[in-house]
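Participant: Can you keep this structure in mind? I'll have questions shortly.
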Amino acid sequence: MKKERLYEKLTDYQRASTRLVEATKLQIEDDIVYDGVIQRFEFTFELSWKLMKMFLEYTGISEIKSPRATIREAYTYGLIDNGEEWIDMMVDRNKTSYFYDEEEARLIYEKVKNHYSYLLINLSAKMNEEIDELKWFGNLVTYGK
């Protein structure tokens, strides 16, 4: 895998996480706002674990098959600070995919607005640092030859 692909994935993720945060700031005038935030949350969460997986594979950690395994490895590596919060986020994301309960949707919306969106934005910043470090390290290796 090339670094360029990792950069592309990071850019997609940053765009999605920023749009999720923007959506959580909208005034709730209609149920469509809840639905839109939850849909953006689903999409952003999917991008987050796939980005982490791609990064971990790039660094040599392979055989990661699921979001849960990716979260565990990302926590061990230091990409995320609290693996349990990410597991909770994954469970809530899965709830949004398999059934629709208006009360549950509103609870998840509140979690996204008040907590999950910050975890996702923090990942964006951490991934930026980590990928920049890879870039710097890659330049160091290139110049050292």
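By order in the structure tokens, chains are A, B, ...; within a chain, residues start at 1; ligands start at 1, following the order shown.
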Write down as a ChimeraX atom specification the residues belonging to stretch 3-142 of chain A that are assigned helix (DSSP H, G or I) by DSSP computed on the backbone.
Facilitator: /A:3-24,31-58,67-77,83-98,102-142
Participant: Write out, as a JSON list (two decimals), in the first residue's frame, the residues just selected, with C-alpha atoms.
Facilitator:
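Writing the result to result26.json gives the following:
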[["chain", "number", "residue", "atom", "x", "y", "z"],
["A", 3, "LYS", "CA", 1.34, 6.40, 1.53],
["A", 4, "GLU", "CA", -0.72, 8.36, -0.99],
["A", 5, "ARG", "CA", -3.65, 6.00, -0.42],
["A", 6, "LEU", "CA", -3.33, 6.51, 3.32],
["A", 7, "TYR", "CA", -3.39, 10.29, 2.80],
["A", 8, "GLU", "CA", -6.51, 9.99, 0.61],
["A", 9, "LYS", "CA", -8.27, 7.91, 3.26],
["A", 10, "LEU", "CA", -7.30, 10.45, 5.94],
["A", 11, "THR", "CA", -8.63, 13.33, 3.82],
["A", 12, "ASP", "CA", -11.95, 11.51, 3.29],
["A", 13, "TYR", "CA", -12.16, 10.81, 7.01],
["A", 14, "GLN", "CA", -11.38, 14.41, 7.99],
["A", 15, "ARG", "CA", -14.06, 15.69, 5.64],
["A", 16, "ALA", "CA", -16.63, 13.27, 7.05],
["A", 17, "SER", "CA", -15.78, 13.94, 10.71],
["A", 18, "THR", "CA", -15.92, 17.71, 10.15],
["A", 19, "ARG", "CA", -19.33, 17.40, 8.47],
["A", 20, "LEU", "CA", -20.57, 15.25, 11.37],
["A", 21, "VAL", "CA", -19.57, 17.92, 13.88],
["A", 22, "GLU", "CA", -21.26, 20.57, 11.72],
["A", 23, "ALA", "CA", -24.46, 18.50, 11.68],
["A", 24, "THR", "CA", -24.50, 18.18, 15.48],
["A", 31, "ASP", "CA", -36.69, 14.58, 12.96],
["A", 32, "ILE", "CA", -34.67, 14.74, 9.75],
["A", 33, "VAL", "CA", -31.84, 16.37, 11.74],
["A", 34, "TYR", "CA", -31.64, 13.32, 14.02],
["A", 35, "ASP", "CA", -31.68, 11.04, 11.02],
["A", 36, "GLY", "CA", -29.03, 13.05, 9.19],
["A", 37, "VAL", "CA", -26.67, 13.14, 12.18],
["A", 38, "ILE", "CA", -27.07, 9.41, 12.74],
["A", 39, "GLN", "CA", -26.42, 8.68, 9.08],
["A", 40, "ARG", "CA", -23.29, 10.84, 9.12],
["A", 41, "PHE", "CA", -22.23, 9.11, 12.33],
["A", 42, "GLU", "CA", -22.61, 5.69, 10.70],
["A", 43, "PHE", "CA", -20.56, 6.79, 7.70],
["A", 44, "THR", "CA", -17.87, 8.50, 9.77],
["A", 45, "PHE", "CA", -17.51, 5.56, 12.13],
["A", 46, "GLU", "CA", -17.05, 3.21, 9.17],
["A", 47, "LEU", "CA", -14.36, 5.46, 7.75],
["A", 48, "SER", "CA", -12.67, 5.73, 11.17],
["A", 49, "TRP", "CA", -12.12, 2.03, 11.73],
["A", 50, "LYS", "CA", -11.13, 1.46, 8.11],
["A", 51, "LEU", "CA", -8.60, 4.30, 8.33],
["A", 52, "MET", "CA", -7.17, 2.87, 11.55],
["A", 53, "LYS", "CA", -6.99, -0.58, 9.97],
["A", 54, "MET", "CA", -5.24, 0.77, 6.89],
["A", 55, "PHE", "CA", -2.74, 2.70, 9.00],
["A", 56, "LEU", "CA", -2.01, -0.30, 11.22],
["A", 57, "GLU", "CA", -1.50, -2.49, 8.17],
["A", 58, "TYR", "CA", 0.83, 0.12, 6.70],
["A", 67, "PRO", "CA", -13.88, -3.24, 13.67],
["A", 68, "ARG", "CA", -13.51, -4.62, 17.21],
["A", 69, "ALA", "CA", -10.05, -6.06, 16.48],
["A", 70, "THR", "CA", -9.07, -2.80, 14.80],
["A", 71, "ILE", "CA", -10.15, -0.79, 17.82],
["A", 72, "ARG", "CA", -8.16, -3.05, 20.14],
["A", 73, "GLU", "CA", -5.03, -2.74, 18.01],
["A", 74, "ALA", "CA", -5.49, 1.02, 17.62],
["A", 75, "TYR", "CA", -5.72, 1.36, 21.39],
["A", 76, "THR", "CA", -2.61, -0.78, 21.89],
["A", 77, "TYR", "CA", -0.74, 1.27, 19.27],
["A", 83, "GLY", "CA", -10.74, 1.54, 23.70],
["A", 84, "GLU", "CA", -13.87, 0.93, 25.75],
["A", 85, "GLU", "CA", -15.44, 4.21, 24.61],
["A", 86, "TRP", "CA", -14.71, 3.20, 21.02],
["A", 87, "ILE", "CA", -16.26, -0.23, 21.60],
["A", 88, "ASP", "CA", -19.36, 1.52, 23.02],
["A", 89, "MET", "CA", -19.43, 3.73, 19.94],
["A", 90, "MET", "CA", -19.18, 0.65, 17.70],
["A", 91, "VAL", "CA", -22.08, -1.00, 19.55],
["A", 92, "ASP", "CA", -24.21, 2.13, 19.12],
["A", 93, "ARG", "CA", -23.26, 2.34, 15.46],
["A", 94, "ASN", "CA", -24.40, -1.26, 15.01],
["A", 95, "LYS", "CA", -27.69, -0.48, 16.74],
["A", 96, "THR", "CA", -28.41, 2.20, 14.16],
["A", 97, "SER", "CA", -27.95, -0.28, 11.32],
["A", 98, "TYR", "CA", -30.11, -3.15, 12.47],
["A", 102, "GLU", "CA", -37.00, 6.54, 17.77],
["A", 103, "GLU", "CA", -36.14, 6.72, 21.47],
["A", 104, "GLU", "CA", -32.88, 4.80, 20.95],
["A", 105, "ALA", "CA", -32.06, 6.99, 17.96],
["A", 106, "ARG", "CA", -32.41, 10.13, 20.08],
["A", 107, "LEU", "CA", -30.18, 8.65, 22.80],
["A", 108, "ILE", "CA", -27.53, 7.80, 20.22],
["A", 109, "TYR", "CA", -27.89, 11.27, 18.71],
["A", 110, "GLU", "CA", -27.12, 12.79, 22.13],
["A", 111, "LYS", "CA", -24.06, 10.55, 22.50],
["A", 112, "VAL", "CA", -22.86, 11.53, 19.04],
["A", 113, "LYS", "CA", -23.38, 15.21, 19.73],
["A", 114, "ASN", "CA", -21.88, 15.26, 23.22],
["A", 115, "HIS", "CA", -19.17, 12.64, 23.07],
["A", 116, "TYR", "CA", -18.62, 10.51, 19.98],
["A", 117, "SER", "CA", -18.03, 13.44, 17.65],
["A", 118, "TYR", "CA", -15.12, 14.52, 19.86],
["A", 119, "LEU", "CA", -13.62, 11.02, 19.84],
["A", 120, "LEU", "CA", -13.84, 11.02, 16.05],
["A", 121, "ILE", "CA", -12.27, 14.48, 15.72],
["A", 122, "ASN", "CA", -9.50, 13.50, 18.15],
["A", 123, "LEU", "CA", -8.74, 10.50, 15.95],
["A", 124, "SER", "CA", -8.45, 12.84, 12.99],
["A", 125, "ALA", "CA", -5.83, 14.93, 14.79],
["A", 126, "LYS", "CA", -3.93, 11.86, 16.00],
["A", 127, "MET", "CA", -3.92, 10.28, 12.55],
["A", 128, "ASN", "CA", -2.63, 13.53, 11.09],
["A", 129, "GLU", "CA", 0.28, 13.46, 13.57],
["A", 130, "GLU", "CA", 1.02, 9.80, 12.96],
["A", 131, "ILE", "CA", 0.96, 10.08, 9.18],
["A", 132, "ASP", "CA", 3.10, 13.22, 9.28],
["A", 133, "GLU", "CA", 5.56, 11.29, 11.43],
["A", 134, "LEU", "CA", 5.63, 8.49, 8.84],
["A", 135, "LYS", "CA", 6.25, 11.11, 6.17],
["A", 136, "TRP", "CA", 9.09, 12.64, 8.17],
["A", 137, "PHE", "CA", 10.54, 9.22, 8.96],
["A", 138, "GLY", "CA", 10.23, 8.24, 5.30],
["A", 139, "ASN", "CA", 12.18, 11.35, 4.28],
["A", 140, "LEU", "CA", 14.80, 10.60, 6.91],
["A", 141, "VAL", "CA", 15.27, 7.09, 5.55],
["A", 142, "THR", "CA", 15.43, 8.37, 1.98]]
Participant: Can you work out the spacing between atom CA of A:Asp81 and atom CA of A:Lys2 in Å, to one decimal?
Facilitator: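 Rounded to one decimal, the two atoms are 26.6 Å apart.
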Participant: To one decimal place, how far is atom CA of A:Lys25 from atom CA of A:Tyr100 in Å?
Facilitator: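 According to the coordinates, atom CA of A:Lys25 and atom CA of A:Tyr100 are separated by 22.7 Å.
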